[in-house]
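What follows is the content of final_21.cif, which has mmCIF, C-alpha atoms:
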data_input
loop_
_atom_site.group_PDB
_atom_site.id
_atom_site.type_symbol
_atom_site.label_atom_id
_atom_site.label_comp_id
_atom_site.auth_asym_id
_atom_site.auth_seq_id
_atom_site.Cartn_x
_atom_site.Cartn_y
_atom_site.Cartn_z
ATOM 1 C CA MET A 4 0.000 0.000 0.000
ATOM 2 C CA LYS A 5 2.796 2.423 0.943
ATOM 3 C CA ASN A 6 4.615 1.624 -2.273
ATOM 4 C CA SER A 7 1.459 2.357 -4.268
ATOM 5 C CA ILE A 8 1.007 5.726 -2.573
ATOM 6 C CA LEU A 9 4.658 6.562 -3.168
ATOM 7 C CA LEU A 10 4.452 5.650 -6.844
ATOM 8 C CA PHE A 11 1.250 7.646 -7.243
ATOM 9 C CA THR A 12 2.842 10.671 -5.535
ATOM 10 C CA LEU A 13 5.912 10.453 -7.756
ATOM 11 C CA PHE A 14 3.652 10.130 -10.766
ATOM 12 C CA LEU A 15 1.783 13.308 -9.864
ATOM 13 C CA PHE A 16 5.035 15.093 -9.073
ATOM 14 C CA GLY A 17 6.419 14.020 -12.408
ATOM 15 C CA ILE A 18 3.435 15.500 -14.227
ATOM 16 C CA GLN A 19 3.931 18.761 -12.379
ATOM 17 C CA ILE A 20 7.601 18.925 -13.327
ATOM 18 C CA HIS A 21 6.859 17.944 -16.893
ATOM 19 C CA GLY A 22 4.221 20.660 -17.106
ATOM 20 C CA GLN A 23 6.680 23.271 -15.854
ATOM 21 C CA GLU A 24 9.290 22.138 -18.363
ATOM 22 C CA ASN A 25 6.797 22.718 -21.168
ATOM 23 C CA LYS A 26 6.379 26.389 -20.250
ATOM 24 C CA THR A 27 8.367 28.496 -22.677
ATOM 25 C CA ILE A 28 9.058 32.055 -23.743
ATOM 26 C CA GLN A 29 9.550 32.885 -27.396
ATOM 27 C CA PHE A 30 12.039 35.744 -27.573
ATOM 28 C CA PHE A 31 11.789 38.250 -30.424
ATOM 29 C CA GLN A 32 14.535 40.698 -31.321
ATOM 30 C CA THR A 33 13.697 44.216 -32.480
ATOM 31 C CA ASP A 34 15.156 45.421 -35.786
ATOM 32 C CA TRP A 35 14.949 49.013 -34.482
ATOM 33 C CA GLY A 36 18.146 50.677 -35.652
ATOM 34 C CA ARG A 37 19.085 47.858 -38.022
ATOM 35 C CA THR A 38 21.723 48.899 -40.571
ATOM 36 C CA SER A 39 22.597 45.488 -42.059
ATOM 37 C CA SER A 40 20.772 43.385 -44.640
ATOM 38 C CA TRP A 41 17.885 41.162 -43.629
ATOM 39 C CA ASP A 42 20.078 38.103 -44.121
ATOM 40 C CA VAL A 43 22.862 39.396 -41.884
ATOM 41 C CA PHE A 44 20.415 40.616 -39.245
ATOM 42 C CA CYS A 45 18.455 37.358 -39.172
ATOM 43 C CA GLU A 46 21.604 35.239 -39.092
ATOM 44 C CA LYS A 47 22.916 37.179 -36.095
ATOM 45 C CA THR A 48 19.520 37.033 -34.381
ATOM 46 C CA HIS A 49 19.312 33.271 -34.876
ATOM 47 C CA LYS A 50 22.846 32.696 -33.569
ATOM 48 C CA GLU A 51 22.028 34.589 -30.372
ATOM 49 C CA GLY A 52 19.169 32.214 -29.612
ATOM 50 C CA TYR A 53 16.155 34.320 -30.533
ATOM 51 C CA ASP A 54 12.993 32.695 -31.834
ATOM 52 C CA GLY A 55 11.914 35.564 -34.070
ATOM 53 C CA ILE A 56 12.047 39.239 -34.969
ATOM 54 C CA GLU A 57 9.582 42.102 -34.428
ATOM 55 C CA ILE A 58 9.547 44.703 -37.213
ATOM 56 C CA TRP A 59 7.674 47.307 -39.201
ATOM 57 C CA LEU A 60 6.992 45.605 -42.536
ATOM 58 C CA PRO A 61 9.187 47.125 -45.263
ATOM 59 C CA ARG A 62 7.251 48.896 -48.006
ATOM 60 C CA ASP A 63 9.596 47.866 -50.814
ATOM 61 C CA GLU A 64 8.627 44.561 -52.470
ATOM 62 C CA LYS A 65 12.248 43.585 -53.026
ATOM 63 C CA ALA A 66 12.983 44.085 -49.338
ATOM 64 C CA GLN A 67 9.907 42.027 -48.483
ATOM 65 C CA MET A 68 11.193 39.137 -50.588
ATOM 66 C CA GLN A 69 14.590 39.370 -48.919
ATOM 67 C CA LEU A 70 12.873 39.352 -45.538
ATOM 68 C CA LYS A 71 10.862 36.235 -46.394
ATOM 69 C CA GLY A 72 13.990 34.465 -47.572
ATOM 70 C CA ALA A 73 15.950 35.315 -44.426
ATOM 71 C CA LEU A 74 13.102 34.260 -42.109
ATOM 72 C CA LYS A 75 12.879 30.890 -43.839
ATOM 73 C CA LYS A 76 16.647 30.414 -44.044
ATOM 74 C CA TYR A 77 17.177 30.991 -40.312
ATOM 75 C CA ASN A 78 13.859 29.518 -39.137
ATOM 76 C CA LEU A 79 12.701 32.706 -37.407
ATOM 77 C CA LYS A 80 9.163 33.659 -36.445
ATOM 78 C CA LEU A 81 7.704 37.060 -37.257
ATOM 79 C CA GLY A 82 5.976 39.693 -35.149
ATOM 80 C CA LEU A 83 4.693 42.764 -36.998
ATOM 81 C CA LEU A 84 3.975 46.353 -35.985
ATOM 82 C CA ASN A 85 1.059 48.586 -36.940
ATOM 83 C CA GLY A 86 0.340 52.202 -36.059
ATOM 84 C CA THR A 87 -2.241 54.950 -36.041
ATOM 85 C CA ASN A 88 -1.375 57.920 -38.246
ATOM 86 C CA LYS A 89 -2.147 60.892 -35.980
ATOM 87 C CA SER A 90 -1.345 63.516 -38.625
ATOM 88 C CA ILE A 91 -4.449 62.899 -40.764
ATOM 89 C CA PRO A 92 -8.209 63.144 -40.021
ATOM 90 C CA PHE A 93 -9.644 60.486 -37.708
ATOM 91 C CA GLU A 94 -11.820 58.721 -40.300
ATOM 92 C CA GLU A 95 -8.966 58.485 -42.793
ATOM 93 C CA SER A 96 -6.582 57.295 -40.093
ATOM 94 C CA LEU A 97 -8.989 54.596 -38.928
ATOM 95 C CA LYS A 98 -9.442 53.336 -42.486
ATOM 96 C CA GLY A 99 -5.693 53.149 -43.080
ATOM 97 C CA TYR A 100 -5.157 51.422 -39.742
ATOM 98 C CA GLY A 101 -7.569 48.646 -40.681
ATOM 99 C CA GLN A 102 -6.263 48.262 -44.228
ATOM 100 C CA HIS A 103 -2.706 47.891 -43.027
ATOM 101 C CA LEU A 104 -3.734 45.414 -40.319
ATOM 102 C CA ARG A 105 -5.272 43.180 -42.991
ATOM 103 C CA LYS A 106 -2.123 43.435 -45.084
ATOM 104 C CA LEU A 107 0.017 42.468 -42.112
ATOM 105 C CA ALA A 108 -2.308 39.576 -41.286
ATOM 106 C CA SER A 109 -1.718 38.158 -44.788
ATOM 107 C CA TRP A 110 1.857 37.450 -43.673
ATOM 108 C CA SER A 111 0.527 35.095 -40.960
ATOM 109 C CA PRO A 112 2.692 36.580 -38.186
ATOM 110 C CA GLU A 113 2.755 35.178 -34.665
ATOM 111 C CA TYR A 114 1.137 38.425 -33.511
ATOM 112 C CA ILE A 115 0.642 42.066 -34.486
ATOM 113 C CA ASN A 116 1.616 44.787 -32.028
ATOM 114 C CA CYS A 117 -0.105 48.162 -32.471
ATOM 115 C CA HIS A 118 0.694 51.760 -31.576
ATOM 116 C CA THR A 119 -3.006 52.544 -31.287
ATOM 117 C CA GLY A 120 -4.882 55.809 -31.213
ATOM 118 C CA SER A 121 -3.755 59.090 -29.714
ATOM 119 C CA ASP A 122 -3.719 60.806 -26.350
ATOM 120 C CA PHE A 123 -5.550 63.674 -28.139
ATOM 121 C CA PHE A 124 -8.364 61.460 -29.467
ATOM 122 C CA SER A 125 -11.599 61.012 -27.544
ATOM 123 C CA PHE A 126 -12.407 57.754 -25.783
ATOM 124 C CA GLU A 127 -14.847 56.791 -28.545
ATOM 125 C CA GLN A 128 -12.318 57.544 -31.275
ATOM 126 C CA ASN A 129 -9.631 55.432 -29.640
ATOM 127 C CA LYS A 130 -12.167 52.695 -28.966
ATOM 128 C CA ALA A 131 -12.962 52.584 -32.680
ATOM 129 C CA PHE A 132 -9.357 51.583 -33.424
ATOM 130 C CA ILE A 133 -9.398 48.916 -30.711
ATOM 131 C CA ASP A 134 -12.756 47.531 -31.853
ATOM 132 C CA LEU A 135 -11.548 47.328 -35.448
ATOM 133 C CA ALA A 136 -8.391 45.513 -34.369
ATOM 134 C CA ASN A 137 -10.443 43.037 -32.340
ATOM 135 C CA LYS A 138 -12.700 42.407 -35.334
ATOM 136 C CA ILE A 139 -9.754 41.714 -37.641
ATOM 137 C CA SER A 140 -8.096 39.531 -35.006
ATOM 138 C CA LYS A 141 -11.211 37.353 -34.841
ATOM 139 C CA GLU A 142 -11.462 37.127 -38.627
ATOM 140 C CA THR A 143 -7.811 36.204 -39.149
ATOM 141 C CA ASN A 144 -7.178 34.287 -35.917
ATOM 142 C CA ILE A 145 -4.033 36.367 -35.372
ATOM 143 C CA PRO A 146 -3.441 37.927 -31.933
ATOM 144 C CA ILE A 147 -3.455 41.736 -32.086
ATOM 145 C CA TYR A 148 -2.069 43.608 -29.100
ATOM 146 C CA HIS A 149 -2.071 47.296 -28.191
ATOM 147 C CA GLU A 150 1.170 48.642 -26.785
ATOM 148 C CA THR A 151 1.239 50.865 -23.734
ATOM 149 C CA HIS A 152 2.986 53.863 -25.217
ATOM 150 C CA ARG A 153 3.372 57.606 -24.756
ATOM 151 C CA GLY A 154 1.249 59.589 -27.173
ATOM 152 C CA ARG A 155 -1.317 56.776 -27.572
ATOM 153 C CA PHE A 156 -4.589 55.918 -25.808
ATOM 154 C CA SER A 157 -2.502 53.930 -23.321
ATOM 155 C CA PHE A 158 -0.097 56.744 -22.434
ATOM 156 C CA ASN A 159 -0.540 56.283 -18.677
ATOM 157 C CA LEU A 160 -1.874 53.815 -16.136
ATOM 158 C CA PRO A 161 -5.157 55.550 -15.156
ATOM 159 C CA ALA A 162 -6.169 56.135 -18.782
ATOM 160 C CA THR A 163 -5.413 52.536 -19.707
ATOM 161 C CA LYS A 164 -7.482 51.235 -16.795
ATOM 162 C CA THR A 165 -10.465 53.163 -18.169
ATOM 163 C CA TYR A 166 -10.183 51.326 -21.505
ATOM 164 C CA ILE A 167 -9.677 47.994 -19.744
ATOM 165 C CA SER A 168 -12.846 48.489 -17.714
ATOM 166 C CA GLN A 169 -14.972 49.232 -20.788
ATOM 167 C CA ILE A 170 -13.451 46.982 -23.465
ATOM 168 C CA PRO A 171 -13.434 43.348 -22.280
ATOM 169 C CA GLU A 172 -11.542 42.107 -25.347
ATOM 170 C CA LEU A 173 -8.694 44.635 -25.071
ATOM 171 C CA LYS A 174 -5.325 42.833 -25.149
ATOM 172 C CA LEU A 175 -2.188 44.707 -24.203
ATOM 173 C CA ASN A 176 1.473 44.581 -24.983
ATOM 174 C CA LEU A 177 2.969 46.100 -21.851
ATOM 175 C CA ASP A 178 5.931 48.385 -22.371
ATOM 176 C CA ILE A 179 5.926 49.710 -18.844
ATOM 177 C CA SER A 180 9.106 51.717 -19.398
ATOM 178 C CA HIS A 181 6.864 54.441 -20.882
ATOM 179 C CA TRP A 182 4.803 54.654 -17.707
ATOM 180 C CA MET A 183 7.878 54.908 -15.504
ATOM 181 C CA VAL A 184 8.796 58.221 -17.095
ATOM 182 C CA VAL A 185 5.197 59.453 -17.478
ATOM 183 C CA HIS A 186 4.538 58.882 -13.770
ATOM 184 C CA GLU A 187 8.105 59.830 -12.751
ATOM 185 C CA SER A 188 8.472 56.713 -10.620
ATOM 186 C CA LEU A 189 8.920 52.957 -10.724
ATOM 187 C CA LEU A 190 5.226 52.688 -9.794
ATOM 188 C CA GLU A 191 6.236 51.214 -6.439
ATOM 189 C CA ASN A 192 2.882 51.986 -4.811
ATOM 190 C CA GLN A 193 0.656 51.027 -7.729
ATOM 191 C CA ASP A 194 0.696 47.234 -7.518
ATOM 192 C CA GLN A 195 -3.055 47.027 -6.959
ATOM 193 C CA ASP A 196 -3.830 49.194 -9.990
ATOM 194 C CA LEU A 197 -1.379 47.172 -12.061
ATOM 195 C CA LEU A 198 -3.330 43.944 -11.473
ATOM 196 C CA ASP A 199 -5.895 44.762 -14.166
ATOM 197 C CA VAL A 200 -3.083 45.537 -16.592
ATOM 198 C CA ILE A 201 -1.248 42.310 -15.749
ATOM 199 C CA ASN A 202 -4.418 40.320 -16.424
ATOM 200 C CA ARG A 203 -4.824 41.935 -19.871
ATOM 201 C CA THR A 204 -1.190 41.694 -20.996
ATOM 202 C CA HIS A 205 -0.298 38.978 -23.518
ATOM 203 C CA HIS A 206 3.023 40.254 -24.843
ATOM 204 C CA LEU A 207 5.909 42.270 -23.420
ATOM 205 C CA HIS A 208 8.476 44.773 -24.563
ATOM 206 C CA ALA A 209 11.463 44.200 -22.319
ATOM 207 C CA ARG A 210 13.033 47.609 -21.987
ATOM 208 C CA VAL A 211 13.900 49.236 -18.680
ATOM 209 C CA GLY A 212 12.816 52.809 -18.031
ATOM 210 C CA HIS A 213 13.205 55.093 -15.038
ATOM 211 C CA ALA A 214 11.670 58.202 -13.506
ATOM 212 C CA GLN A 215 13.334 60.537 -16.007
ATOM 213 C CA GLY A 216 13.394 58.507 -19.194
ATOM 214 C CA PRO A 217 12.035 55.477 -21.093
ATOM 215 C CA GLN A 218 15.414 53.756 -21.331
ATOM 216 C CA VAL A 219 18.276 53.420 -18.880
ATOM 217 C CA ASN A 220 21.646 53.868 -20.541
ATOM 218 C CA ASP A 221 22.925 50.378 -19.676
ATOM 219 C CA PRO A 222 20.815 47.790 -17.798
ATOM 220 C CA GLU A 223 23.977 46.062 -16.547
ATOM 221 C CA ALA A 224 25.181 49.173 -14.707
ATOM 222 C CA PRO A 225 24.804 48.826 -10.905
ATOM 223 C CA GLU A 226 23.037 52.170 -10.537
ATOM 224 C CA TRP A 227 20.046 50.728 -12.436
ATOM 225 C CA LYS A 228 19.712 47.549 -10.373
ATOM 226 C CA ASP A 229 16.501 48.674 -8.649
ATOM 227 C CA ALA A 230 14.919 49.718 -11.942
ATOM 228 C CA VAL A 231 15.814 46.424 -13.627
ATOM 229 C CA ASN A 232 14.501 44.382 -10.708
ATOM 230 C CA ARG A 233 11.253 46.343 -10.605
ATOM 231 C CA HIS A 234 10.606 45.729 -14.291
ATOM 232 C CA VAL A 235 11.490 42.039 -14.074
ATOM 233 C CA ASP A 236 9.229 41.588 -11.034
ATOM 234 C CA ILE A 237 6.275 42.908 -13.056
ATOM 235 C CA TRP A 238 7.231 40.919 -16.150
ATOM 236 C CA GLU A 239 7.457 37.704 -14.148
ATOM 237 C CA LYS A 240 3.903 38.164 -12.827
ATOM 238 C CA ILE A 241 2.639 38.634 -16.369
ATOM 239 C CA ILE A 242 4.495 35.644 -17.772
ATOM 240 C CA ARG A 243 3.373 33.324 -14.985
ATOM 241 C CA ARG A 244 -0.184 34.605 -15.309
ATOM 242 C CA ASN A 245 -0.184 33.719 -19.018
ATOM 243 C CA TRP A 246 1.392 30.342 -18.324
ATOM 244 C CA GLU A 247 -1.748 29.425 -16.399
ATOM 245 C CA THR A 248 -3.621 29.096 -19.695
ATOM 246 C CA SER A 249 -0.866 28.693 -22.287
ATOM 247 C CA ASN A 250 2.483 26.932 -22.479
ATOM 248 C CA ASN A 251 4.037 29.741 -24.505
ATOM 249 C CA PHE A 252 4.561 33.473 -24.068
ATOM 250 C CA THR A 253 6.022 35.979 -26.538
ATOM 251 C CA LEU A 254 8.392 38.769 -25.551
ATOM 252 C CA THR A 255 10.465 41.330 -27.451
ATOM 253 C CA THR A 256 13.735 42.710 -26.130
ATOM 254 C CA GLU A 257 13.412 46.339 -27.173
ATOM 255 C CA PHE A 258 16.285 48.541 -26.108
ATOM 256 C CA GLY A 259 16.579 51.181 -28.827
ATOM 257 C CA PRO A 260 19.464 52.753 -30.747
ATOM 258 C CA ALA A 261 20.826 56.296 -30.632
ATOM 259 C CA ASP A 262 19.185 58.724 -29.981
ATOM 260 C CA TYR A 263 16.716 56.708 -27.910
ATOM 261 C CA MET A 264 19.847 55.281 -26.363
ATOM 262 C CA PRO A 265 21.535 58.228 -24.586
ATOM 263 C CA THR A 266 24.438 59.636 -26.589
ATOM 264 C CA LEU A 267 27.516 61.759 -26.028
ATOM 265 C CA PRO A 268 27.234 65.423 -27.005
ATOM 266 C CA TYR A 269 28.581 66.566 -30.376
ATOM 267 C CA THR A 270 29.538 63.064 -31.551
ATOM 268 C CA ARG A 271 26.116 61.450 -30.889
ATOM 269 C CA LEU A 272 27.935 58.232 -30.037
ATOM 270 C CA PRO A 273 25.733 55.893 -27.964
ATOM 271 C CA VAL A 274 26.927 55.464 -24.380
ATOM 272 C CA ALA A 275 26.194 51.707 -24.428
ATOM 273 C CA ASN A 276 25.678 48.864 -26.891
ATOM 274 C CA GLN A 277 22.055 48.322 -27.926
ATOM 275 C CA TRP A 278 22.524 44.720 -29.059
ATOM 276 C CA LYS A 279 24.338 43.822 -25.848
ATOM 277 C CA ALA A 280 21.605 45.448 -23.755
ATOM 278 C CA ASN A 281 18.917 43.375 -25.458
ATOM 279 C CA LEU A 282 20.901 40.172 -25.011
ATOM 280 C CA TYR A 283 21.311 41.027 -21.339
ATOM 281 C CA MET A 284 17.552 41.417 -20.922
ATOM 282 C CA MET A 285 16.982 37.989 -22.472
ATOM 283 C CA LYS A 286 19.571 36.513 -20.102
ATOM 284 C CA VAL A 287 18.025 38.146 -17.020
ATOM 285 C CA ILE A 288 14.520 36.964 -17.901
ATOM 286 C CA LYS A 289 15.661 33.416 -18.628
ATOM 287 C CA GLU A 290 17.472 33.266 -15.290
ATOM 288 C CA ARG A 291 14.462 34.623 -13.377
ATOM 289 C CA LEU A 292 12.061 32.142 -15.009
ATOM 290 C CA ASN A 293 14.538 29.219 -14.960
ATOM 291 C CA ILE A 294 14.536 28.839 -18.740
ATOM 292 C CA GLU A 295 17.554 27.343 -20.459
#
Would it be possible to restate this file's structure as structure tokens?
Amino acid sequence: MKNSILLFTLFLFGIQIHGQENKTIQFFQTDWGRTSSWDVFCEKTHKEGYDGIEIWLPRDEKAQMQLKGALKKYNLKLGLLNGTNKSIPFEESLKGYGQHLRKLASWSPEYINCHTGSDFFSFEQNKAFIDLANKISKETNIPIYHETHRGRFSFNLPATKTYISQIPELKLNLDISHWMVVHESLLENQDQDLLDVINRTHHLHARVGHAQGPQVNDPEAPEWKDAVNRHVDIWEKIIRRNWETSNNFTLTTEFGPADYMPTLPYTRLPVANQWKANLYMMKVIKERLNIE
């Protein structure tokens, strides 16, 4: 009898371990600041252990063909970006937003991440963009996320919570580095308000911000330890929350180039290495979540 109980316990424990082993993160590298060809960029991305790339789709057909070839050659997945044009009338902008979403969906990406709406649009205007994205997502069966971003409907935490409360199907890509600078803090006392955001987040942009900017100069520098830890603490909650219903989670390392990366005066030389910073973020997240 004791042996039977022991075997049954080990069996259950084995299932639990096996289930944990199946939980994965697919890491996407940003092409923000890319200066090399698609082949060179994708080869380097693949060698560093990324699963895919997140990009704005090139307009040139030749470049699109080169992109397709490089993705296939290096077995990389694709995440695509879409945006709201804030410089044209609302109706025209909404139409273009939807048309481009459908074009992007024809590429069958893993997901589409959107810079949606404007902080100068009304609630109903911004909601129209979100509703259209949700409609296209259902039609194409492609996840469409809305990035928390300065200048968009999601420019701060309170505004975003309003949309969350009134749009049940709203799915976020959390780039919380934007909110750190908007709210001039690491949001240390806002954990309760962040719960709704955590529950609606299905993708992450892993960039570390601080009270005075959306990107620390070098995440490995000791002076940014608290900022890095704060971001990773929030990211871990989101990843584990998604793992409750899915074995996979997508994440983009998104440290940017000069001049988003701080630069030296006159020369405009970046003070740190963008590629190295993104690799470091992947390393930190893998270590926190015990992913090899």
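Applied to the file shown here, the PyMOL selection byres ((chain A and resi 43) around 12) selects the residues Asp34, Arg37, Thr38, Ser39, Ser40, Trp41, Asp42, Phe44, Cys45, Glu46, Lys47, Thr48, His49, Lys50, Gln69, Leu70, Gly72, Ala73, Leu74, Lys76 and Tyr77 of chain A.
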Counting all atoms listed in the file, which residues of range 92-164 of chain A sit at most 12 Å from some atom of range 200-221 of chain A, and what is each one's closest atom pair with its distance in Å to one decimal, listed by chain and rising residue number, as a tab-separated table?
residue	atom	partner	partner_atom	distance
A:Glu113	CA	A:His206	CA	11.1
A:Tyr114	CA	A:His206	CA	9.1
A:Ile115	CA	A:His206	CA	10.1
A:Asn116	CA	A:His206	CA	8.6
A:Cys117	CA	A:His206	CA	11.4
A:Pro146	CA	A:His205	CA	9.0
A:Ile147	CA	A:His205	CA	9.5
A:Tyr148	CA	A:His206	CA	7.4
A:His149	CA	A:Thr204	CA	9.2
A:Glu150	CA	A:His208	CA	8.6
A:Thr151	CA	A:His208	CA	9.5
A:His152	CA	A:Pro217	CA	10.1
A:Arg153	CA	A:Pro217	CA	9.6
A:Ser157	CA	A:Val200	CA	10.8
A:Asn159	CA	A:Val200	CA	11.2
A:Leu160	CA	A:Val200	CA	8.4
A:Pro161	CA	A:Val200	CA	10.3
A:Ala162	CA	A:Val200	CA	11.3
A:Thr163	CA	A:Val200	CA	8.0
A:Lys164	CA	A:Val200	CA	7.2
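Between Phe258 in chain A and the residues A:Thr87, A:Ser180, A:Asn245, A:Gln195, the shortest atom-to-atom distance, using all atoms listed in the file, involves A:Ser180.
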Q) Could you pull the residues within 12 Å of Phe132 in chain A, counting only C-alpha atoms, minus those fewer than 4 positions along the same chain, as a PyMOL selection string? A) chain A and resi 85-88+93-102+104+117-121+124-128+136-139+147-149+155-156+166+170+173
Q: Dig up all the protein and nucleic acid residues within 10 Å of (27.7, 43.7, -18.7) in the file frame, using all atoms listed in the file, and format them as a list in words.
A: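 Here the neighbourhood of the point contains Asp221, Pro222, Glu223, Ala224, Pro225, Ala275, Asn276, Lys279, Ala280, Leu282 and Tyr283 of chain A.
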Q. Nearest to Ser140 in chain A among A:Glu226, A:Glu172, A:Glu57, A:Asp122, with distances taken over only C-alpha atoms: which residue is it?
A.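 The answer is A:Glu172, which sits nearest to Ser140 in chain A.
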**Q.** Interatomic distance (Å, one decimal) between CA of Phe252 in chain A and CA of Phe30 in chain A
**A.**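 A separation of 8.6 Å between them.
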**Q.** Nearby residues, (8.0, 44.9, -39.9) file frame, 8 Å, all atoms listed in the file, as JSON, numbers by chain
**A.** {"A": [57, 58, 59, 60, 61, 82, 83, 84]}
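When all atoms listed in the file are used to compute distances to Asp194 in chain A, the closest of the residues A:Glu257, A:Glu295, A:Asp236, A:Glu64 turns out to be A:Asp236.
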Q: Rounded to one decimal place, report the CA of Asn192 in chain A-CA of Arg233 in chain A distance in Å.
A: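 Straight-line distance from CA of Asn192 in chain A to CA of Arg233 in chain A works out to 11.6 Å.
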Q) Do you have the CA of Lys106 in chain A-CA of Lys130 in chain A distance handy? A) 21.1 Å
Q: Measuring atom to atom with all atoms listed in the file, identify which of A:Gln193, A:Ile237, A:Met285, A:Gly259 is nearest to Pro273 in chain A.
A: A:Gly259
Reconstruct all heavy atoms of range 259-265 of chain A; output as a CSV table (one decimal), in the coordinates of the input.
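Written output follows (result11.csv):
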chain,number,residue,atom,x,y,z
A,259,GLY,N,16.5,50.5,-27.5
A,259,GLY,CA,16.6,51.2,-28.8
A,259,GLY,C,18.0,51.8,-29.1
A,259,GLY,O,18.8,51.8,-28.2
A,260,PRO,N,18.2,52.2,-30.3
A,260,PRO,CA,19.5,52.8,-30.7
A,260,PRO,C,19.6,54.2,-30.4
A,260,PRO,O,18.6,54.8,-29.9
A,260,PRO,CB,19.4,52.6,-32.3
A,260,PRO,CG,18.0,52.7,-32.6
A,260,PRO,CD,17.2,52.2,-31.4
A,261,ALA,N,20.7,54.8,-30.7
A,261,ALA,CA,20.8,56.3,-30.6
A,261,ALA,C,19.8,56.9,-31.6
A,261,ALA,O,19.5,56.4,-32.7
A,261,ALA,CB,22.2,56.7,-31.1
A,262,ASP,N,19.0,57.9,-31.2
A,262,ASP,CA,19.2,58.7,-30.0
A,262,ASP,C,18.2,58.3,-28.8
A,262,ASP,O,18.2,59.0,-27.8
A,262,ASP,CB,18.9,60.2,-30.3
A,262,ASP,CG,19.9,60.7,-31.3
A,262,ASP,OD1,21.1,60.7,-30.9
A,262,ASP,OD2,19.6,61.2,-32.4
A,263,TYR,N,17.5,57.2,-29.0
A,263,TYR,CA,16.7,56.7,-27.9
A,263,TYR,C,17.7,56.2,-26.8
A,263,TYR,O,17.4,56.5,-25.6
A,263,TYR,CB,15.8,55.6,-28.4
A,263,TYR,CG,14.5,55.4,-27.6
A,263,TYR,CD1,13.4,56.1,-28.0
A,263,TYR,CD2,14.4,54.6,-26.5
A,263,TYR,CE1,12.2,56.0,-27.4
A,263,TYR,CE2,13.2,54.4,-25.9
A,263,TYR,CZ,12.1,55.1,-26.3
A,263,TYR,OH,10.9,55.0,-25.6
A,264,MET,N,18.7,55.6,-27.2
A,264,MET,CA,19.8,55.3,-26.4
A,264,MET,C,20.6,56.6,-26.1
A,264,MET,O,20.8,57.3,-27.1
A,264,MET,CB,20.8,54.3,-27.0
A,264,MET,CG,22.1,54.1,-26.3
A,264,MET,SD,22.0,53.0,-24.9
A,264,MET,CE,21.7,51.4,-25.7
A,265,PRO,N,20.8,57.0,-24.9
A,265,PRO,CA,21.5,58.2,-24.6
A,265,PRO,C,22.9,58.3,-25.3
A,265,PRO,O,23.5,57.3,-25.5
A,265,PRO,CB,21.7,58.2,-23.1
A,265,PRO,CG,20.6,57.3,-22.6
A,265,PRO,CD,20.4,56.3,-23.6
